[in-house]
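Colleague: Contents of coords_30.txt (compact mmCIF, C-alpha atoms) are given next:
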# COMPACT_ATOMS: atom_id res chain seq x y z
CA MET A 1 -5.39 12.76 -36.19
CA GLU A 2 -1.71 12.46 -36.86
CA THR A 3 0.39 9.90 -38.62
CA LEU A 4 3.43 8.29 -37.15
CA THR A 5 5.94 6.55 -39.38
CA LEU A 6 7.95 3.95 -37.58
CA ALA A 7 9.46 0.61 -38.50
CA GLY A 8 8.71 1.29 -42.15
CA THR A 9 4.96 1.65 -41.70
CA SER A 10 2.63 4.56 -41.12
CA VAL A 11 0.09 4.37 -38.34
CA ASP A 12 -2.62 6.74 -37.15
CA VAL A 13 -2.11 8.17 -33.70
CA ASN A 14 -3.87 10.75 -31.55
CA ALA A 15 -2.30 13.90 -30.15
CA GLU A 16 -0.79 11.95 -27.27
CA GLY A 17 0.74 9.35 -29.53
CA TYR A 18 -1.68 6.48 -28.87
CA LEU A 19 -2.66 4.38 -31.87
CA THR A 20 -6.21 5.09 -32.98
CA ASN A 21 -6.55 1.71 -34.67
CA MET A 22 -5.13 -1.20 -32.72
CA ASP A 23 -5.10 -3.38 -35.84
CA GLN A 24 -2.29 -1.28 -37.29
CA TRP A 25 -0.03 -2.52 -34.49
CA THR A 26 2.97 -4.73 -35.18
CA PRO A 27 5.64 -6.07 -32.80
CA GLU A 28 8.29 -4.11 -34.74
CA LEU A 29 6.31 -0.93 -34.19
CA ALA A 30 6.17 -1.66 -30.46
CA ARG A 31 9.94 -2.20 -30.43
CA GLU A 32 10.56 1.15 -32.13
CA MET A 33 8.14 2.98 -29.85
CA ALA A 34 9.75 1.39 -26.81
CA ALA A 35 13.21 2.41 -27.95
CA GLN A 36 12.03 6.03 -27.91
CA VAL A 37 11.31 5.74 -24.19
CA ASN A 38 14.50 3.75 -23.59
CA ILE A 39 12.86 0.39 -23.09
CA GLU A 40 14.18 -2.69 -24.83
CA LEU A 41 11.30 -5.10 -25.19
CA THR A 42 11.85 -8.62 -23.91
CA ASP A 43 9.58 -11.66 -24.18
CA LYS A 44 8.09 -10.69 -20.83
CA HIS A 45 7.19 -7.23 -22.15
CA PHE A 46 5.49 -8.85 -25.13
CA GLU A 47 3.54 -11.24 -22.91
CA VAL A 48 2.11 -8.22 -21.10
CA ILE A 49 1.49 -6.32 -24.34
CA HIS A 50 -0.36 -9.25 -25.92
CA TRP A 51 -2.40 -9.70 -22.76
CA LEU A 52 -3.35 -6.01 -22.80
CA ARG A 53 -4.43 -6.24 -26.44
CA GLU A 54 -6.47 -9.34 -25.73
CA LYS A 55 -8.25 -7.67 -22.78
CA GLN A 56 -8.83 -4.53 -24.83
CA ARG A 57 -10.54 -6.66 -27.50
CA GLU A 58 -12.71 -8.20 -24.79
CA GLY A 59 -13.71 -4.71 -23.70
CA VAL A 60 -12.19 -5.01 -20.23
CA GLN A 61 -11.38 -1.75 -18.45
CA LEU A 62 -7.72 -2.12 -17.61
CA SER A 63 -6.15 -1.24 -14.28
CA ILE A 64 -2.86 -1.87 -12.52
CA ARG A 65 -4.68 -4.25 -10.20
CA LYS A 66 -5.97 -6.39 -13.08
CA ILE A 67 -2.45 -6.70 -14.44
CA GLY A 68 -1.26 -7.69 -10.97
CA ASN A 69 -3.90 -10.43 -10.96
CA SER A 70 -3.17 -11.54 -14.54
CA GLY A 71 -0.68 -14.18 -13.44
CA LEU A 72 1.87 -12.77 -15.90
CA VAL A 73 3.62 -10.27 -13.69
CA ASP A 74 3.11 -8.89 -10.21
CA ILE A 75 2.72 -5.17 -9.73
CA LYS A 76 6.34 -4.65 -8.78
CA GLN A 77 7.54 -6.39 -11.94
CA PHE A 78 5.06 -4.40 -13.99
CA TYR A 79 6.49 -1.11 -12.70
CA ALA A 80 9.99 -2.42 -13.40
CA LEU A 81 9.15 -3.44 -16.98
CA PHE A 82 7.57 -0.10 -17.91
CA PRO A 83 9.12 2.52 -15.64
CA GLY A 84 7.62 6.00 -15.37
CA GLY A 85 3.89 5.26 -15.65
CA PRO A 86 3.49 1.55 -16.41
CA LEU A 87 -0.15 1.36 -17.44
CA LYS A 88 0.04 4.32 -19.80
CA ILE A 89 3.35 3.31 -21.34
CA SER A 90 2.41 -0.34 -21.80
CA SER A 91 -0.92 0.65 -23.34
CA LYS A 92 0.80 2.97 -25.77
CA LEU A 93 3.25 0.24 -26.78
CA ALA A 94 0.38 -2.24 -27.12
CA GLY A 95 -1.34 0.07 -29.57
CA ILE A 96 -4.47 0.41 -27.44
CA PRO A 97 -6.11 3.62 -26.15
CA LYS A 98 -4.85 5.47 -23.11
CA PRO A 99 -6.40 3.76 -20.09
CA ALA A 100 -9.07 5.76 -18.29
CA SER A 101 -8.45 4.21 -14.90
CA CYS A 102 -7.82 5.83 -11.53
CA ILE A 103 -6.67 2.67 -9.81
CA MET B 1 -34.51 6.37 -47.52
CA THR B 2 -35.03 5.61 -43.90
CA ASP B 3 -33.91 7.81 -41.11
CA VAL B 4 -31.39 6.05 -39.01
CA MET B 5 -31.07 7.25 -35.48
CA GLU B 6 -27.58 8.32 -34.72
CA LYS B 7 -25.82 6.02 -32.36
CA PRO B 8 -24.79 7.61 -29.07
CA VAL B 9 -21.06 8.01 -28.96
CA THR B 10 -19.15 7.76 -25.73
CA LYS B 11 -16.54 10.43 -25.85
CA GLN B 12 -13.55 10.46 -23.65
CA ALA B 13 -13.28 13.68 -21.67
CA GLU B 14 -10.75 16.10 -23.02
CA VAL B 15 -7.47 16.09 -21.21
CA PRO B 16 -7.12 19.30 -19.20
CA VAL B 17 -4.18 21.38 -20.33
CA ASN B 18 -1.82 22.76 -17.75
CA LYS B 19 -0.02 25.85 -18.94
CA ASP B 20 2.61 25.86 -16.22
CA LYS B 21 5.17 23.38 -17.38
CA GLY B 22 6.92 23.00 -14.04
CA LYS B 23 6.70 19.24 -13.61
CA LEU B 24 5.10 17.58 -10.62
CA LYS B 25 7.74 15.17 -9.43
CA LYS B 26 6.59 14.06 -6.01
CA VAL B 27 3.51 14.06 -3.81
CA LEU B 28 3.38 13.64 -0.09
CA VAL B 29 -0.08 12.49 0.97
CA ILE B 30 -0.90 13.03 4.62
CA CYS B 31 -3.89 11.05 5.87
CA SER B 32 -5.15 12.23 9.25
CA LYS B 33 -8.58 10.58 9.15
CA GLY B 34 -9.67 6.99 9.49
CA ARG B 35 -13.03 7.03 7.77
CA LEU B 36 -13.32 4.72 4.81
CA GLU B 37 -13.87 7.50 2.28
CA ASP B 38 -11.00 9.65 3.54
CA VAL B 39 -8.55 6.78 3.58
CA TYR B 40 -9.53 5.77 0.06
CA ALA B 41 -9.09 9.34 -1.15
CA ALA B 42 -5.53 9.29 0.19
CA LEU B 43 -4.76 5.85 -1.26
CA VAL B 44 -6.19 6.65 -4.69
CA MET B 45 -4.16 9.85 -4.91
CA ALA B 46 -0.89 8.25 -3.86
CA ASN B 47 -1.39 5.25 -6.14
CA GLY B 48 -2.55 7.51 -8.96
CA ALA B 49 0.66 9.50 -8.68
CA LEU B 50 2.77 6.35 -8.98
CA MET B 51 0.76 5.32 -12.03
CA GLU B 52 1.77 8.61 -13.65
CA GLY B 53 5.42 8.10 -12.85
CA ILE B 54 5.30 10.58 -9.95
CA GLU B 55 7.08 9.69 -6.73
CA ALA B 56 4.68 9.19 -3.80
CA LYS B 57 5.11 9.18 -0.04
CA MET B 58 2.35 8.64 2.51
CA PHE B 59 2.19 9.77 6.10
CA PHE B 60 -0.59 8.50 8.36
CA THR B 61 -1.43 10.31 11.56
CA PHE B 62 -4.12 10.33 14.24
CA PHE B 63 -7.14 8.23 13.25
CA GLY B 64 -5.53 7.78 9.87
CA LEU B 65 -3.26 5.29 11.63
CA ASP B 66 -6.17 2.82 11.60
CA ALA B 67 -5.61 2.44 7.86
CA ILE B 68 -2.13 1.00 8.42
CA THR B 69 -2.85 -0.89 11.66
CA LYS B 70 -2.99 -4.65 11.05
CA LYS B 71 -6.10 -5.23 13.13
CA LYS B 72 -8.10 -2.33 11.72
CA ALA B 73 -7.01 -1.65 8.13
CA ASP B 74 -9.63 -3.82 6.45
CA HIS B 75 -12.39 -2.90 8.88
CA LEU B 76 -12.71 0.84 8.36
CA HIS B 77 -16.16 2.38 8.56
CA THR B 78 -17.98 5.33 7.18
CA ALA B 79 -19.96 7.56 9.56
CA THR B 80 -23.74 7.31 9.33
CA VAL B 81 -24.36 9.81 12.12
CA GLY B 82 -23.04 13.34 11.95
CA ASN B 83 -22.38 12.93 8.24
CA PRO B 84 -24.64 15.32 6.30
CA ASN B 85 -23.79 13.65 3.00
CA PHE B 86 -24.84 10.20 4.04
CA MET B 87 -28.53 9.60 3.27
CA PRO B 88 -29.73 13.05 4.36
CA GLU B 89 -33.31 11.80 4.57
CA MET B 90 -32.37 9.17 7.14
CA PRO B 91 -33.34 10.25 10.68
CA THR B 92 -30.28 10.36 12.91
CA ILE B 93 -31.99 8.19 15.47
CA LEU B 94 -32.31 5.37 12.92
CA ALA B 95 -28.84 5.90 11.44
CA GLY B 96 -27.50 5.48 14.95
CA LEU B 97 -29.08 2.07 15.55
CA PRO B 98 -26.65 -0.70 16.40
CA GLY B 99 -25.30 -2.36 13.27
CA PHE B 100 -26.45 0.37 10.93
CA GLU B 101 -23.01 1.81 10.43
CA ALA B 102 -21.54 -1.64 9.79
CA PHE B 103 -24.26 -2.29 7.23
CA ALA B 104 -23.68 1.04 5.47
CA SER B 105 -19.94 0.41 5.39
CA TYR B 106 -20.54 -3.09 4.04
CA MET B 107 -22.72 -1.68 1.25
CA MET B 108 -20.12 0.94 0.41
CA LYS B 109 -17.38 -1.70 0.21
CA LYS B 110 -19.59 -3.79 -2.07
CA GLU B 111 -19.94 -0.85 -4.46
CA MET B 112 -16.17 -0.37 -4.33
CA ASP B 113 -15.65 -4.03 -5.22
CA LYS B 114 -17.74 -3.51 -8.33
CA LEU B 115 -15.35 -0.76 -9.38
CA ASP B 116 -12.44 -3.14 -8.86
CA MET B 117 -11.22 -1.11 -5.90
CA PRO B 118 -8.92 -3.16 -3.72
CA HIS B 119 -9.27 -3.53 0.05
CA VAL B 120 -7.12 -1.21 2.13
CA THR B 121 -4.36 -3.75 2.82
CA GLU B 122 -4.19 -4.76 -0.85
CA PHE B 123 -4.16 -1.11 -1.90
CA ILE B 124 -1.24 -0.47 0.42
CA GLN B 125 0.60 -3.47 -1.02
CA MET B 126 0.00 -2.02 -4.51
CA ILE B 127 1.44 1.33 -3.48
CA ASP B 128 4.44 -0.36 -1.90
CA ALA B 129 4.99 -2.47 -5.04
CA GLY B 130 4.83 0.68 -7.14
CA GLY B 131 7.67 2.22 -5.18
CA GLY B 132 5.57 4.36 -2.83
CA GLU B 133 6.71 4.74 0.77
CA ILE B 134 4.43 4.58 3.79
CA TYR B 135 5.14 6.08 7.19
CA ALA B 136 3.37 6.39 10.53
CA CYS B 137 3.38 9.50 12.72
CA LYS B 138 5.45 9.09 15.88
CA LEU B 139 3.38 11.41 18.04
CA ALA B 140 0.09 9.72 17.16
CA ALA B 141 1.61 6.23 17.43
CA ASP B 142 2.85 7.09 20.94
CA MET B 143 -0.56 8.47 21.84
CA PHE B 144 -2.40 5.33 20.71
CA HIS B 145 0.35 3.04 22.13
CA LEU B 146 1.10 1.58 18.72
CA LYS B 147 4.43 -0.03 17.86
CA LYS B 148 6.13 -1.01 14.61
CA GLU B 149 4.73 -4.56 14.88
CA ASP B 150 1.17 -3.26 15.13
CA PHE B 151 1.47 -1.74 11.68
CA LEU B 152 1.29 -3.43 8.28
CA ASP B 153 4.59 -4.79 6.99
CA GLU B 154 4.67 -2.15 4.24
CA VAL B 155 5.03 0.65 6.81
CA LYS B 156 8.63 1.77 6.48
CA GLY B 157 8.94 3.55 9.76
CA ILE B 158 7.51 5.69 12.52
CA ILE B 159 8.72 9.21 11.94
CA THR B 160 8.54 12.74 13.38
CA VAL B 161 7.10 15.83 11.75
CA GLY B 162 10.65 16.93 10.97
CA ASP B 163 11.27 13.70 9.07
CA LEU B 164 7.99 14.30 7.26
CA TYR B 165 9.17 17.64 5.91
CA ALA B 166 12.45 16.04 4.90
CA LEU B 167 10.40 13.62 2.79
CA ALA B 168 8.78 16.56 1.03
CA GLU B 169 12.09 18.15 0.10
CA GLY B 170 12.89 18.81 -3.51
CA GLU B 171 11.60 20.84 -6.41
CA GLY B 172 8.20 19.89 -7.82
CA THR B 173 6.78 18.41 -4.62
CA GLN B 174 3.20 18.89 -3.44
CA ILE B 175 1.73 18.06 -0.05
CA ILE B 176 -1.84 16.77 0.04
CA PHE B 177 -3.54 16.81 3.43
CA ILE B 178 -6.60 14.73 4.11
Take the structure I supplied and represent it as structure tokens, if you would.

Modeller:
Amino acid sequence: METLTLAGTSVDVNAEGYLTNMDQWTPELAREMAAQVNIELTDKHFEVIHWLREKQREGVQLSIRKIGNSGLVDIKQFYALFPGGPLKISSKLAGIPKPASCI
Amino acid sequence: MTDVMEKPVTKQAEVPVNKDKGKLKKVLVICSKGRLEDVYAALVMANGALMEGIEAKMFFTFFGLDAITKKKADHLHTATVGNPNFMPEMPTILAGLPGFEAFASYMMKKEMDKLDMPHVTEFIQMIDAGGGEIYACKLAADMFHLKKEDFLDEVKGIITVGDLYALAEGEGTQIIFI
């Protein structure tokens, strides 16, 4: 386990940089993490991030399709919000584990 | 003190490490078959690439064209006869009865639904939305008398084998043939 210090707080992350405890997440942390991958988080980003965290708490296995059916964004918008691997990047920014989904 | 049985822990599989750091930038998935399982293999791989931030192009040829033909895309079947992996204990004569193949395909699609796998047309829309590009083979389209309007709206064009290789140009590209 490694520790990442961002936005004035220290959080536990795994080797790939995913938070190991989603309760350590803060919006400021997400903003800082996003800046590192050149994404400036908007309200829309946060809507998706909060939705992901909520689903993670419910134990739902996340997939691109589920996000497309969430009513928040369609798949095209999702790819545009988090370019270069949307599900992985959004999960990392949401402080939840790397999604184990093939679809 | 009581012995407490240790709880089973679900561990996530370790991520395989690739020593060659040459990045995979693009995949070109060629789908030449129209059976349900082959088409899904092609769709999952193209969509999976996009999910990883890898560019993806798809080229459908021969019976693979069924997967992008409006009338057929959502009605693909699996083979129950001549398929050694499908219920090997089932006598061929029974597996060949009318309706059996439709039933088997229906059951397979039901299992796929449980895994949240989209239907073929929805899958193709997902790939298109993710920036993937879908093409039909000119030679096969001519052979089956199929025109642009017979194909799903997401199909970008009907192209030659030369165009196909042009799509695969660039460093870090892999071609997957199904």

Colleague: Residues of chain A within 12 Å of chain B, using all atoms listed in the file, as a PyMOL selection string?

Modeller: chain A and resi 15-16+60-69+73-90+97-103

Colleague: Determine, counting all atoms listed in the file, which protein, DNA and RNA residues have an atom within 9 Å of an atom of Gly34 in chain B; residues of the same chain fewer than 2 positions away are not included. Present the result as a list in words.

Modeller: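 The residues satisfying every condition are Cys31, Ser32, Leu36, Glu37, Asp38, Val39, Phe62, Phe63, Gly64, Leu65, Asp66, Ala67, Leu76, His77 and Thr78 of chain B.
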
Colleague: Quick one: of A:Ser91, A:Thr3, A:Pro27, A:Gly59, who's nearest to Thr42 in chain A, counting all atoms listed in the file?

Modeller: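 Result for the nearest residue to Thr42 in chain A: A:Pro27.
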
Colleague: Suppose you want the space between CA of Ala73 in chain B and CA of Phe151 in chain B; what is it in Å?

Modeller: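 Taking CA of Ala73 in chain B as the start and CA of Phe151 in chain B as the end point, the length is 9.2 Å.
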
Colleague: Can you tell me, as a PyMOL selection string, what residues are no more than 6 Å from Met22 in chain A when counting all atoms listed in the file, ignoring any on the same chain fewer than 2 positions away?

Modeller: chain A and resi 24-25+95-96

Colleague: Of the residues A:Leu29, A:Ala94, A:Ala35, A:Leu52, which is the one nearest to Leu4 in chain A, using only C-alpha atoms?

Modeller: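 Residue with the minimum atom-to-atom distance to Leu4 in chain A: A:Leu29.
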
Colleague: What is the distance, in Å and to one decimal place, between CA of Val48 in chain A and CA of Leu72 in chain A?

Modeller: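 Computed distance, CA of Val48 in chain A to CA of Leu72 in chain A, equals 6.9 Å.
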
Colleague: Counting all atoms listed in the file, write as a short mmCIF file (atom, residue, chain, number, x, y, z; two decimals) with C-alpha atoms, in the coordinates of the input all protein and nucleic acid residues lying at most 12 Å from (-23.3, 2.7, 11.2) in the file's frame.

Modeller:
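Writing the result to selection-v3.cif gives the following:
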data_model
loop_
_atom_site.label_atom_id
_atom_site.label_comp_id
_atom_site.auth_asym_id
_atom_site.auth_seq_id
_atom_site.Cartn_x
_atom_site.Cartn_y
_atom_site.Cartn_z
CA ARG B 35 -13.03 7.03 7.77
CA LEU B 76 -12.71 0.84 8.36
CA HIS B 77 -16.16 2.38 8.56
CA THR B 78 -17.98 5.33 7.18
CA ALA B 79 -19.96 7.56 9.56
CA THR B 80 -23.74 7.31 9.33
CA VAL B 81 -24.36 9.81 12.12
CA GLY B 82 -23.04 13.34 11.95
CA ASN B 83 -22.38 12.93 8.24
CA PHE B 86 -24.84 10.20 4.04
CA MET B 87 -28.53 9.60 3.27
CA MET B 90 -32.37 9.17 7.14
CA THR B 92 -30.28 10.36 12.91
CA ILE B 93 -31.99 8.19 15.47
CA LEU B 94 -32.31 5.37 12.92
CA ALA B 95 -28.84 5.90 11.44
CA GLY B 96 -27.50 5.48 14.95
CA LEU B 97 -29.08 2.07 15.55
CA PRO B 98 -26.65 -0.70 16.40
CA GLY B 99 -25.30 -2.36 13.27
CA PHE B 100 -26.45 0.37 10.93
CA GLU B 101 -23.01 1.81 10.43
CA ALA B 102 -21.54 -1.64 9.79
CA PHE B 103 -24.26 -2.29 7.23
CA ALA B 104 -23.68 1.04 5.47
CA SER B 105 -19.94 0.41 5.39
CA TYR B 106 -20.54 -3.09 4.04
CA MET B 107 -22.72 -1.68 1.25
CA MET B 108 -20.12 0.94 0.41
#

Colleague: What lies within 12 Å of Asp153 in chain B using all atoms listed in the file, ignoring chain neighbours under 2 positions off, as JSON, numbers by chain?

Modeller: {"B": [68, 69, 70, 121, 122, 124, 125, 128, 133, 134, 135, 136, 147, 148, 149, 150, 151, 155, 156, 157]}

Colleague: For a quick check of your reading of the model, name the residues lying within 7 Å of the coordinate (-11.8, -3.9, 2.5), counting all atoms listed in the file, and write them as JSON, numbers by chain.

Modeller: {"B": [74, 75, 109, 118, 119, 120]}

Colleague: How far is it from CA of Val161 in chain B to CA of Ile30 in chain B, in Å with one decimal?

Modeller: 11.1 Å
